[in-house]
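The structure appears below as structure tokens.
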Amino acid sequence: MDLQKSDGTILVVEDDLSNRLYIRTVLEEIGFVVLEATNGGEAIRLAEKHLESIALIICDVILPDTIGTLVVKRLTALKLELKVLFISGLTDVSTHGVNATKTNHLQKPFSPEELVQKVQDILDGPGKS
């Protein structure tokens, strides 16, 4: 895989261990530091500790204790310029507060190249989510 080297910290909020490991492996391979959370509460605690270093949050739409949009709302209240990528295996994420046409969204399953391209597009682009 021919991937552009990157740096920075990404918070991955994903309850499925295999998906979390997959995302972490892909992103660490190109130089990102990856923080991992399995639910919304853990994501908020991690973000509060590492807020200044987090450039992007990758958040599953459905989490065991909440929905991803609520986690992102809380985190962007702490750091307004935080960029966001929602991930989901759902075909219709709008029922969970994610507008797939106006929000950065990646449908599971995705390839390493799709993940890296989306992350780089978001980090290189203007604004949040």
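Letters A, B, ... mark the chains of the structure tokens in the order given; residue numbers begin at 1 per chain; ligand numbers begin at 1, in order shown.
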
Open item on the list: For A:Gln120, find every residue with an atom within 12 Å (counting only C-alpha atoms), except residues of its own chain fewer than 5 positions away, and show them as a list in words.
Closed with: Leu3, Gln4, Lys5, Ser6, Asp7, Gly8, Ile10, Leu27, Ile30, Phe32, Ala55, Leu56, Lys83, Val84, Leu85, Asn104, Glu113, Glu114, Leu115, Gly125 and Pro126 of chain A

Residues as selected, C-alpha atoms, written as a PDB file, in the first residue's frame, can you do that?
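Written file, selection-v4.pdb:
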```pdb
ATOM      1  CA  LEU A   3       0.256   5.779   1.660  1.00  0.00           C
ATOM      2  CA  GLN A   4       1.212   9.350   2.436  1.00  0.00           C
ATOM      3  CA  LYS A   5       3.000   9.638   5.774  1.00  0.00           C
ATOM      4  CA  SER A   6       1.128  11.661   8.361  1.00  0.00           C
ATOM      5  CA  ASP A   7       1.395  12.744  11.952  1.00  0.00           C
ATOM      6  CA  GLY A   8      -0.908  13.817  14.715  1.00  0.00           C
ATOM      7  CA  ILE A  10      -6.548  10.483  16.295  1.00  0.00           C
ATOM      8  CA  LEU A  27      -3.334   4.743  10.951  1.00  0.00           C
ATOM      9  CA  ILE A  30       1.356   5.968   8.311  1.00  0.00           C
ATOM     10  CA  PHE A  32      -0.536   8.723  13.478  1.00  0.00           C
ATOM     11  CA  ALA A  55      -6.652  16.401  15.492  1.00  0.00           C
ATOM     12  CA  LEU A  56      -9.487  14.043  14.536  1.00  0.00           C
ATOM     13  CA  LYS A  83     -12.579  17.356  13.008  1.00  0.00           C
ATOM     14  CA  VAL A  84     -14.817  14.295  12.899  1.00  0.00           C
ATOM     15  CA  LEU A  85     -15.295  11.154  10.846  1.00  0.00           C
ATOM     16  CA  ASN A 104     -17.868  13.138   7.035  1.00  0.00           C
ATOM     17  CA  GLU A 113      -6.873   3.102   1.275  1.00  0.00           C
ATOM     18  CA  GLU A 114     -10.419   4.422   1.745  1.00  0.00           C
ATOM     19  CA  LEU A 115      -9.775   5.098   5.423  1.00  0.00           C
ATOM     20  CA  GLY A 125      -9.800  20.333   4.454  1.00  0.00           C
ATOM     21  CA  PRO A 126     -11.417  23.343   6.083  1.00  0.00           C
TER      22      PRO A 126
END
```

Name the residues of stretch 29-63 of chain A that come out as strand (DSSP E) in a backbone DSSP run; write them as a PDB file with C-alpha atoms, in the first residue's frame.
```
ATOM      1  CA  VAL A  33      -0.745   8.292  17.238  1.00  0.00           C
ATOM      2  CA  VAL A  34      -4.020   6.497  17.961  1.00  0.00           C
ATOM      3  CA  LEU A  35      -5.998   6.724  21.191  1.00  0.00           C
ATOM      4  CA  GLU A  36      -8.746   4.141  21.589  1.00  0.00           C
ATOM      5  CA  ALA A  37     -12.079   4.259  23.383  1.00  0.00           C
ATOM      6  CA  ILE A  54      -6.257  15.317  19.114  1.00  0.00           C
ATOM      7  CA  ALA A  55      -6.652  16.401  15.492  1.00  0.00           C
ATOM      8  CA  LEU A  56      -9.487  14.043  14.536  1.00  0.00           C
ATOM      9  CA  ILE A  57     -12.055  11.800  16.142  1.00  0.00           C
ATOM     10  CA  ILE A  58     -13.220   8.710  14.306  1.00  0.00           C
ATOM     11  CA  CYS A  59     -16.466   7.696  15.958  1.00  0.00           C
ATOM     12  CA  ASP A  60     -18.830   4.810  15.400  1.00  0.00           C
TER      13      ASP A  60
END
```

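Note that the spacing between atom CA of A:Val26 and atom CA of A:Thr38 amounts to 17.9 Å.
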
Open item on the list: Excluding A:Val71 and its own-chain neighbours fewer than 5 positions away, which residues fall within 10 Å of it when counting only C-alpha atoms? Please give them as a VMD selection string.
Closed with: chain A and resid 13 39 to 44 57 59 to 61 63 66 76 to 77

Task: Gap from atom CA of A:Leu75 to atom CA of A:Ala47 - Å, one decimal - done: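 The value is 7.2 Å.
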
Task: helix (DSSP H, G or I) positions in stretch 22-102 of chain A, given as JSON, numbers by chain - done: {"A": [22, 23, 24, 25, 26, 27, 28, 29, 40, 41, 42, 43, 44, 45, 46, 47, 48, 49, 50, 68, 69, 70, 71, 72, 73, 74, 75, 76, 77, 78, 93, 94, 95, 96]}

Expected file contents, prior selection, N, CA and C atoms, as an mmCIF file, in the first residue's frame:
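Below is the file selection-v8.cif, written as the result:
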```cif
data_model
loop_
_atom_site.group_PDB
_atom_site.id
_atom_site.type_symbol
_atom_site.label_atom_id
_atom_site.label_comp_id
_atom_site.auth_asym_id
_atom_site.auth_seq_id
_atom_site.Cartn_x
_atom_site.Cartn_y
_atom_site.Cartn_z
ATOM 1 N N TYR A 22 -8.040 -2.819 13.533
ATOM 2 C CA TYR A 22 -7.854 -2.584 12.093
ATOM 3 C C TYR A 22 -7.561 -1.104 11.834
ATOM 4 N N ILE A 23 -8.397 -0.236 12.393
ATOM 5 C CA ILE A 23 -8.229 1.208 12.197
ATOM 6 C C ILE A 23 -6.894 1.667 12.792
ATOM 7 N N ARG A 24 -6.597 1.218 14.017
ATOM 8 C CA ARG A 24 -5.342 1.611 14.661
ATOM 9 C C ARG A 24 -4.137 1.184 13.829
ATOM 10 N N THR A 25 -4.139 -0.047 13.360
ATOM 11 C CA THR A 25 -3.016 -0.566 12.575
ATOM 12 C C THR A 25 -2.798 0.256 11.312
ATOM 13 N N VAL A 26 -3.869 0.542 10.597
ATOM 14 C CA VAL A 26 -3.760 1.326 9.360
ATOM 15 C C VAL A 26 -3.209 2.719 9.648
ATOM 16 N N LEU A 27 -3.744 3.364 10.666
ATOM 17 C CA LEU A 27 -3.334 4.743 10.951
ATOM 18 C C LEU A 27 -1.929 4.833 11.553
ATOM 19 N N GLU A 28 -1.574 3.882 12.404
ATOM 20 C CA GLU A 28 -0.217 3.890 12.969
ATOM 21 C C GLU A 28 0.823 3.599 11.889
ATOM 22 N N GLU A 29 0.448 2.804 10.904
ATOM 23 C CA GLU A 29 1.371 2.476 9.814
ATOM 24 C C GLU A 29 1.808 3.725 9.055
ATOM 25 N N GLY A 40 -18.704 5.937 24.748
ATOM 26 C CA GLY A 40 -18.727 7.392 24.831
ATOM 27 C C GLY A 40 -18.070 7.948 26.065
ATOM 28 N N GLY A 41 -18.344 7.336 27.215
ATOM 29 C CA GLY A 41 -17.748 7.817 28.457
ATOM 30 C C GLY A 41 -16.238 7.761 28.432
ATOM 31 N N GLU A 42 -15.705 6.658 27.945
ATOM 32 C CA GLU A 42 -14.249 6.506 27.841
ATOM 33 C C GLU A 42 -13.671 7.523 26.854
ATOM 34 N N ALA A 43 -14.381 7.775 25.760
ATOM 35 C CA ALA A 43 -13.921 8.747 24.761
ATOM 36 C C ALA A 43 -13.815 10.139 25.370
ATOM 37 N N ILE A 44 -14.795 10.513 26.145
ATOM 38 C CA ILE A 44 -14.787 11.840 26.761
ATOM 39 C C ILE A 44 -13.651 11.960 27.765
ATOM 40 N N ARG A 45 -13.442 10.923 28.581
ATOM 41 C CA ARG A 45 -12.335 10.956 29.551
ATOM 42 C C ARG A 45 -10.981 11.048 28.840
ATOM 43 N N LEU A 46 -10.793 10.270 27.781
ATOM 44 C CA LEU A 46 -9.533 10.312 27.021
ATOM 45 C C LEU A 46 -9.340 11.677 26.377
ATOM 46 N N ALA A 47 -10.393 12.189 25.785
ATOM 47 C CA ALA A 47 -10.295 13.475 25.100
ATOM 48 C C ALA A 47 -9.958 14.595 26.070
ATOM 49 N N GLU A 48 -10.536 14.564 27.247
ATOM 50 C CA GLU A 48 -10.239 15.601 28.237
ATOM 51 C C GLU A 48 -8.760 15.583 28.627
ATOM 52 N N LYS A 49 -8.150 14.405 28.667
ATOM 53 C CA LYS A 49 -6.724 14.279 29.006
ATOM 54 C C LYS A 49 -5.813 14.705 27.864
ATOM 55 N N HIS A 50 -6.243 14.474 26.620
ATOM 56 C CA HIS A 50 -5.374 14.668 25.453
ATOM 57 C C HIS A 50 -5.940 15.688 24.468
ATOM 58 N N GLY A 68 -22.975 8.133 18.635
ATOM 59 C CA GLY A 68 -21.775 8.892 18.305
ATOM 60 C C GLY A 68 -21.976 10.384 18.218
ATOM 61 N N THR A 69 -23.141 10.817 17.740
ATOM 62 C CA THR A 69 -23.370 12.258 17.610
ATOM 63 C C THR A 69 -23.349 12.962 18.960
ATOM 64 N N LEU A 70 -23.816 12.297 20.009
ATOM 65 C CA LEU A 70 -23.783 12.909 21.345
ATOM 66 C C LEU A 70 -22.353 13.017 21.868
ATOM 67 N N VAL A 71 -21.544 12.007 21.599
ATOM 68 C CA VAL A 71 -20.128 12.044 21.998
ATOM 69 C C VAL A 71 -19.430 13.190 21.274
ATOM 70 N N VAL A 72 -19.649 13.274 19.979
ATOM 71 C CA VAL A 72 -19.010 14.319 19.180
ATOM 72 C C VAL A 72 -19.478 15.702 19.622
ATOM 73 N N LYS A 73 -20.754 15.852 19.929
ATOM 74 C CA LYS A 73 -21.270 17.137 20.402
ATOM 75 C C LYS A 73 -20.550 17.565 21.683
ATOM 76 N N ARG A 74 -20.369 16.624 22.577
ATOM 77 C CA ARG A 74 -19.673 16.923 23.842
ATOM 78 C C ARG A 74 -18.203 17.283 23.588
ATOM 79 N N LEU A 75 -17.542 16.536 22.699
ATOM 80 C CA LEU A 75 -16.124 16.786 22.438
ATOM 81 C C LEU A 75 -15.895 18.079 21.668
ATOM 82 N N THR A 76 -16.767 18.388 20.720
ATOM 83 C CA THR A 76 -16.595 19.634 19.969
ATOM 84 C C THR A 76 -16.942 20.846 20.836
ATOM 85 N N ALA A 77 -17.705 20.649 21.902
ATOM 86 C CA ALA A 77 -17.936 21.740 22.854
ATOM 87 C C ALA A 77 -16.646 22.059 23.613
ATOM 88 N N LEU A 78 -15.802 21.035 23.799
ATOM 89 C CA LEU A 78 -14.524 21.232 24.476
ATOM 90 C C LEU A 78 -13.465 21.807 23.547
ATOM 91 N N VAL A 93 -27.772 6.131 8.347
ATOM 92 C CA VAL A 93 -27.287 6.713 9.601
ATOM 93 C C VAL A 93 -28.103 7.919 10.035
ATOM 94 N N SER A 94 -28.993 8.384 9.171
ATOM 95 C CA SER A 94 -29.779 9.577 9.499
ATOM 96 C C SER A 94 -30.699 9.349 10.699
ATOM 97 N N THR A 95 -31.107 8.117 10.925
ATOM 98 C CA THR A 95 -31.965 7.828 12.072
ATOM 99 C C THR A 95 -31.218 7.995 13.395
ATOM 100 N N HIS A 96 -29.904 8.137 13.323
ATOM 101 C CA HIS A 96 -29.081 8.313 14.523
ATOM 102 C C HIS A 96 -28.394 9.672 14.543
#
```
